[in-house]
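Have a look at the structure below before the remarks.
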Amino acid sequence: MPELSPKTKVIIAVAAAFILMAGGYLLLQRNNDQAATVDEDSIVYEPATEVEKGETEQHKDRIAEEQDQEDTDNDDSKQEVKPLITSWGQDSSGSDFYVNGYVPGVVEQDGTCTLEMKKDRMTASQQKVAFFNAQSTSCGRIAISFNELSVGSWQAVLSYSSGTSSGASDVIEVEVK
Amino acid sequence: MSKKLLYLSAFSTALLMGLTLVLPKSTSALSGSDFTPGNIIDDALFYDGDTMTVSQIQSFLNAKVPVCDTNGTQRHSSGVTRAQRGTAYGYPPPFICLKDFRMNTPFKAGESGLCSPITAKSNQSAAQIIHDVGDACNISQKVLLVMLQKEQGLITDDWPWTVQYTKAMGYYCPDDPNNPGWCHPDYAGFFNQVYNAALQFQRYKADPHNWNHIPGANNNILYQANAPHCGTKRVYIENYATAGLYNYTPYTPNQAALNNLYGTGDACSAYGNRNFWRYYNDWFGTTRGSYLLRSVESATVYLVSGETKYPIPSLAVLNALFPMGQVKFVSQQYLNSKTTGLTMKRLIKGPGSTLYFYDAGIKLAFTSCTTVQHYGMTCGDYATLQQEQIDKFVTGPNISDVLTLKSGKIFKMENGLKREALDQASLVEAGINSVSNTLSDTVLNHLQYGVPIIRNNSFFTDRQSNIKYIETEGSVYQLPSGINNDHALRTLPKGQLDSQSIQNLSPIQFNGYFTDGSTYFMLGDDGKISVGNHDDWSSSYQSFDSSLVNSIPNSALTVSEIGFYKTKNSSSVYRVSDEKKAPIASWTDLLLLSGGAPQVQAVPNRYLDALSTDNLLLGSTRLVKGSTGATVYMIDGQNKRAVSSFLFTDALGLARNVLTVPSASLSSYPTLSENVGHLISCGSNKYVSMNGGIQEMSLQKMIDYGFTDSEFENYSGEACENLRIGAPYNGSFIRPSNERTIYKVVSGAKRPISSYSKYIQEGGAESNTVVVPSTFSSLLETGELL
């Protein structure tokens, strides 16, 4: 067999490399096509990512932990809760001052929410039956007529009481105009 | 380079190129800084129950978990198998992945305005349940999938526990030490959870002010459930969907959670709404939609605000609403769920009471309903936008009833009409001193044009047709074509108006002739041309106020009574009289008509063009013949005389240069009964034609020759003027040019002279002897020989 010239060897080597490269590309391309597609509705059809799998495992571990914790938690005393005032202001009718709030951490029906507003020696309050929400207990909107209020800065607090839970929100300063 | 190195280099190059080809395309990673707590997802994406088919949902679930570890054979991180781990907590295998999950579903009556009824079905797949609930409650199937993942990780779990189905959406599942994994039985289970969660989102939306968080208002939102010390974040919630998510899961991610978007933050981090946003983006694209929506079924684009959809009537309005986003497609079902409001006009209102005009991303407040009416609307024609929508428009100045468009056009709005102003000075002259706003040209497309506002003595052009006009003393005149009006009226204030504006005027056709009452003009290319013989040109001169006439510059041309006229571009010369133009046959004729010194004045084409054409003008004494005849004539004023012999015209000194003219033109000259002869009367003077001209014949000579007055033909003044007058005729002796005989003229006869001595004897001399044409001598009878 005759000896190939160096130049011929280089050409053969480059050609072989390109053939390998092209074959590899086509193979990977086919795998990619099988792995993931994005349809015209922007739906990404891809397997769960490692992050997503990890979060799923962590969630399941939390379920286990909660069960472990619940097995040892036999405290029958009332749970202390801290309602939250989320928003306040003058309602659209212009006759009431309103506060919206809820009770995080509990999901139950028929507790009582109480809005109390104080200014100097004046106090106005309004109660409302709480109702369950998806993952909290809602006080909804509690309104106090402007007839019971005067213009100025008032202190508002939202408290909650039920058979199993009780507590009060932080006091917030609200401006009645 | 060595061979080894050469091979290595070649392979390295190939490998590098290969890697370049197979590396996946880089994708733009989601960043926590993109999270907007006040708008986690747009309403249009959230409240749309037609976003995925059952097949798409099933394919999606299959893709997420290609292989389900049903028997729990894989090892858990604690070291035991998953089967052992699940069993230890009360959830033994088989583990049913969501893609394989099936159950019988109960009948749901639905709630009016929230969810439509769902019939009881058996052996329903999770994909079918997700689809049907989304459809019945008009909640996006994509949202439901993300909620299932966010709450229980069910989408990506390859060995889910039954408890995860029990509280699949985390809906109404209070902690109960006595019932681990307990959910209220009315709501527990996969179907119940999905259905009630979807229903709950519609409840939030239907009664937005009576839940934990309010859309369109600032809300305090907790960072963490069980850590009050972590505090709250003040968030303006922009829409129902975001308020719904916070009502459902009342926590917002803190900065630590956002900084590590795909991991954990700190003790004050909550992840529910962060993960909702992240999963949605990763799986279904952006959560930011648009307020401009349409469906595949209908081309109508709506601006959706809250529960109302406002049809957009035109591309101009759509463009003006660009801060509302790009037009996106949603299901017709979603659009049908919205109440149809008024067709969009250029009037919007936010939660406040201010009404705004809008254009090009700017909102301009109206200060009164009167101004609104000027814009062709009423104060009730507004579309109500939510605060976050109205905030997307930049606040401009208050809108006035005067607008300057970007093209430079100025409009004054008046009772629903747009009155175009020629310029600011026109507004000032009309007593309108409003400050104008500058907006895009399409902003007033919906308004009809009114009567334009034009200042006195101004010159303007129709933008579309380029027709020119002047305005003076409340009247508008359409300027004549064929005149360089721009130059002629260069000293007048000028501008442009739209055709539609001019259609509201009643322009008077202006023929170019005008007068200030004392002087008459025609409008020339460089100004006003004074017309001396104004009646010759026109009987219709427009009376203009002297203020306008004086404003028009004088032309370099004048038109006087004695002139002949031509246009700049033609050599044809005319004589004008009685509003007619008579073409001059030739330069020779012009010389004959003008007495040899023609004054030709140039006038704009249009004025000569407008005149009717009179008969061809021929100069007196001109020899002519008709194109269809052989007779030669001599023009004599307004008539012609036949020429029987060139000897007669030779005697008059007329060259035998005969002009041929159309017979019709020649026929306009009546033929006189007498041909051209030798005896000519010019006024009271009598002449004989002789020696290339005419020579006056004295009364004595007339007696000698026996000529009477009646034998002399009266020639027109023009003809007489064109004939050369020689010395008085003194021929006592004549010699016909065709004879050698000399005659003595005595008592009306010519008597031949027998000899030269007799000629001398009779008083003959060179000074009184004339060589005459034979035609002249034949006028005399021949007497006896002398």
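Letters A, B, ... mark the chains of the structure tokens in the order given; residue numbers begin at 1 per chain; ligand numbers begin at 1, in order shown.
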Extract, using only C-alpha atoms, all DNA, RNA and protein residues at most 9 Å from Phe322 in chain B, discarding same-chain residues fewer than 6 positions from it, and format them as a PDB file with N, CA, C and O atoms, in the first residue's frame.
ATOM      1  N   LEU B 292     -55.787  44.806  25.567  1.00  0.00           N
ATOM      2  CA  LEU B 292     -56.397  44.869  24.242  1.00  0.00           C
ATOM      3  C   LEU B 292     -56.549  43.439  23.740  1.00  0.00           C
ATOM      4  O   LEU B 292     -55.565  42.768  23.456  1.00  0.00           O
ATOM      5  N   ASP B 359     -54.308  60.249  23.694  1.00  0.00           N
ATOM      6  CA  ASP B 359     -53.686  60.079  22.377  1.00  0.00           C
ATOM      7  C   ASP B 359     -52.209  59.824  22.582  1.00  0.00           C
ATOM      8  O   ASP B 359     -51.579  60.444  23.446  1.00  0.00           O
ATOM      9  N   ALA B 360     -51.666  58.920  21.791  1.00  0.00           N
ATOM     10  CA  ALA B 360     -50.231  58.684  21.758  1.00  0.00           C
ATOM     11  C   ALA B 360     -49.646  58.446  23.147  1.00  0.00           C
ATOM     12  O   ALA B 360     -48.548  58.893  23.469  1.00  0.00           O
ATOM     13  N   GLY B 361     -50.403  57.764  23.962  1.00  0.00           N
ATOM     14  CA  GLY B 361     -49.901  57.419  25.282  1.00  0.00           C
ATOM     15  C   GLY B 361     -50.016  58.530  26.301  1.00  0.00           C
ATOM     16  O   GLY B 361     -49.524  58.402  27.418  1.00  0.00           O
TER      17      GLY B 361
END
Problem set entry | Gln127 in chain A surroundings by only C-alpha atoms, 8 Å radius, close-in-sequence under 5 positions cut, as a list in words |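 Residues meeting the cut-off are Thr112, Cys113, Thr114, Leu115 and Ile142 of chain A.
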Exercise. Contacts of Ser125 in chain A at 10 Å or less, counting only C-alpha atoms, minus same-chain residues fewer than 4 places along, as a VMD selection string?
Worked result: chain A and resid 114 to 118 142 to 145 148 156 to 158
Exercise. In Å, with one decimal, what is the gap from CA of Thr613 in chain B to CA of Ala719 in chain B?
Worked result: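 Those two atoms sit 24.0 Å apart.
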For this session: Would you mind listing what lies within 10 Å of Gly517 in chain B as a ChimeraX atom specification, with only C-alpha atoms counted and same-chain residues fewer than 6 positions away left out?
Result: /B:541-546
Please produce an output containing C-alpha atoms for each residue in the selection, written as a PDB file, in the first residue's frame.
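Written out: again-v1.pdb:
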ATOM      1  CA  TYR B 541     -64.063  92.443 -12.923  1.00  0.00           C
ATOM      2  CA  GLN B 542     -64.246  91.253  -9.303  1.00  0.00           C
ATOM      3  CA  SER B 543     -64.427  94.173  -6.895  1.00  0.00           C
ATOM      4  CA  PHE B 544     -61.893  93.778  -4.113  1.00  0.00           C
ATOM      5  CA  ASP B 545     -61.262  95.974  -1.167  1.00  0.00           C
ATOM      6  CA  SER B 546     -58.387  98.315  -1.768  1.00  0.00           C
TER       7      SER B 546
END
Exercise. If you count only C-alpha atoms, which residues fall within 8 Å of Ser169 in chain A, apart from same-chain ones fewer than 4 positions away, as a list of chain:residue names?
Worked result: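 Skipping anything fewer than 4 positions along the chain leaves A:Lys82, A:Pro83, A:Leu84, A:Ile85, A:Val157, A:Leu158, A:Ser159.
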Give the helix (DSSP H, G or I) residues of range 38-142 of chain A, as assigned by DSSP on the backbone, as a PDB file with C-alpha atoms, in the first residue's frame.
ATOM      1  CA  GLU A  50     -34.209  19.090  38.846  1.00  0.00           C
ATOM      2  CA  VAL A  51     -35.316  22.214  40.739  1.00  0.00           C
ATOM      3  CA  GLU A  52     -38.949  21.264  40.316  1.00  0.00           C
ATOM      4  CA  LYS A  53     -38.299  17.692  41.374  1.00  0.00           C
ATOM      5  CA  GLY A  54     -36.361  18.949  44.369  1.00  0.00           C
ATOM      6  CA  GLU A  55     -39.172  21.240  45.411  1.00  0.00           C
ATOM      7  CA  THR A  56     -41.636  18.378  45.093  1.00  0.00           C
ATOM      8  CA  GLU A  57     -39.511  16.194  47.349  1.00  0.00           C
ATOM      9  CA  GLN A  58     -39.141  19.022  49.850  1.00  0.00           C
ATOM     10  CA  HIS A  59     -42.889  19.472  49.893  1.00  0.00           C
ATOM     11  CA  LYS A  60     -43.404  15.831  50.638  1.00  0.00           C
ATOM     12  CA  ASP A  61     -40.798  15.971  53.368  1.00  0.00           C
ATOM     13  CA  ARG A  62     -42.711  18.886  54.903  1.00  0.00           C
ATOM     14  CA  ILE A  63     -45.880  16.787  54.884  1.00  0.00           C
ATOM     15  CA  ALA A  64     -43.973  14.130  56.775  1.00  0.00           C
ATOM     16  CA  GLU A  65     -42.543  16.667  59.197  1.00  0.00           C
ATOM     17  CA  GLU A  66     -45.960  18.175  59.857  1.00  0.00           C
ATOM     18  CA  GLN A  67     -47.338  14.742  60.555  1.00  0.00           C
ATOM     19  CA  ASP A  68     -44.478  14.061  62.915  1.00  0.00           C
ATOM     20  CA  GLN A  69     -45.116  17.366  64.648  1.00  0.00           C
ATOM     21  CA  GLU A  70     -48.861  16.869  64.844  1.00  0.00           C
ATOM     22  CA  ASP A  71     -48.348  13.490  66.476  1.00  0.00           C
ATOM     23  CA  THR A  72     -46.619  15.173  69.396  1.00  0.00           C
TER      24      THR A  72
END
Exercise. Do you know which residues are at most 9 Å from Ala642 in chain B counting only C-alpha atoms, after dropping those on the same chain fewer than 2 positions away, and could you put them as a VMD selection string?
Worked result: chain B and resid 631 to 635 640 644 671 to 676
Keeping N, CA, C and O atoms for every residue in the selection just given, could you write it to a file as a short mmCIF file (atom, residue, chain, number, x, y, z; two decimals), in the first residue's frame?
data_model
loop_
_atom_site.label_atom_id
_atom_site.label_comp_id
_atom_site.auth_asym_id
_atom_site.auth_seq_id
_atom_site.Cartn_x
_atom_site.Cartn_y
_atom_site.Cartn_z
N THR B 631 -58.03 83.79 -57.27
CA THR B 631 -58.11 85.25 -57.32
C THR B 631 -57.23 85.87 -56.24
O THR B 631 -57.26 85.44 -55.08
N VAL B 632 -56.50 86.87 -56.70
CA VAL B 632 -55.68 87.62 -55.75
C VAL B 632 -56.45 88.88 -55.36
O VAL B 632 -57.11 89.50 -56.19
N TYR B 633 -56.36 89.15 -54.07
CA TYR B 633 -57.05 90.33 -53.53
C TYR B 633 -56.05 91.22 -52.81
O TYR B 633 -55.01 90.77 -52.32
N MET B 634 -56.46 92.46 -52.71
CA MET B 634 -55.74 93.38 -51.85
C MET B 634 -56.65 93.77 -50.70
O MET B 634 -57.83 94.08 -50.92
N ILE B 635 -56.12 93.65 -49.46
CA ILE B 635 -56.91 94.01 -48.29
C ILE B 635 -57.02 95.52 -48.23
O ILE B 635 -56.03 96.25 -48.36
N LYS B 640 -61.86 93.69 -49.05
CA LYS B 640 -60.81 93.29 -49.99
C LYS B 640 -61.26 93.68 -51.41
O LYS B 640 -62.46 93.77 -51.69
N SER B 644 -57.03 92.52 -60.71
CA SER B 644 -57.17 91.95 -62.06
C SER B 644 -55.83 91.82 -62.76
O SER B 644 -55.65 91.01 -63.67
N THR B 671 -65.84 91.50 -50.31
CA THR B 671 -65.18 91.94 -51.55
C THR B 671 -65.89 93.20 -52.08
O THR B 671 -67.11 93.21 -52.28
N LEU B 672 -65.12 94.24 -52.24
CA LEU B 672 -65.68 95.48 -52.78
C LEU B 672 -65.95 95.32 -54.27
O LEU B 672 -65.31 94.50 -54.96
N SER B 673 -66.89 96.06 -54.74
CA SER B 673 -67.30 95.90 -56.15
C SER B 673 -66.22 96.34 -57.13
O SER B 673 -66.12 95.80 -58.24
N GLU B 674 -65.44 97.27 -56.74
CA GLU B 674 -64.41 97.78 -57.64
C GLU B 674 -63.09 97.11 -57.35
O GLU B 674 -62.65 97.04 -56.21
N ASN B 675 -62.45 96.67 -58.42
CA ASN B 675 -61.13 96.07 -58.28
C ASN B 675 -60.11 97.15 -57.97
O ASN B 675 -60.39 98.34 -58.00
N VAL B 676 -58.93 96.68 -57.71
CA VAL B 676 -57.83 97.62 -57.52
C VAL B 676 -57.58 98.33 -58.86
O VAL B 676 -57.42 97.67 -59.89
#
For this session: Using only C-alpha atoms, pick whichever of B:Leu723, B:Val65, B:Leu611, B:Ala206 has the shortest atom-to-atom distance to chain A.
Result: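 Result for the nearest residue to chain A: B:Val65.
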Exercise. So which one's closest to chain A, B:Tyr715, B:Tyr291, B:Phe201, B:Tyr358? Using only C-alpha atoms, please.
Worked result: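 Looking only at the distances to chain A, the closest residue turns out to be B:Phe201.
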Exercise. Rounded to one decimal in Å, what is the spacing between CA of Ser501 in chain B and CA of Leu523 in chain B?
Worked result: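 Value for the CA of Ser501 in chain B-CA of Leu523 in chain B distance: 25.4 Å.
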Exercise. Where in range 446-504 of chain B does DSSP assign strand (DSSP E or B), given as a list in words?
Worked result: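 After running DSSP on the backbone, range 446-504 of chain B has strand (DSSP E or B) at Gln448, Tyr449, Ile453, Ser458, Phe459, Phe460, Thr461, Asp462, Lys468, Tyr469, Ile470, Glu471, Thr472, Ser475, Val476, Tyr477, Gln478, Lys494, Gly495, Gln496 and Leu497 of chain B.
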Problem set entry | d(CA of Tyr171 in chain B, CA of Ala197 in chain B) in Å |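 So the answer is 6.2 Å.
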Exercise. Hey, which of A:Ser161, A:Thr123, A:Thr86, A:Gln109 ends up closest to chain B? Count only C-alpha atoms.
Worked result: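 Of A:Ser161, A:Thr123, A:Thr86, A:Gln109, the one nearest chain B, counting only C-alpha atoms, is A:Thr86.
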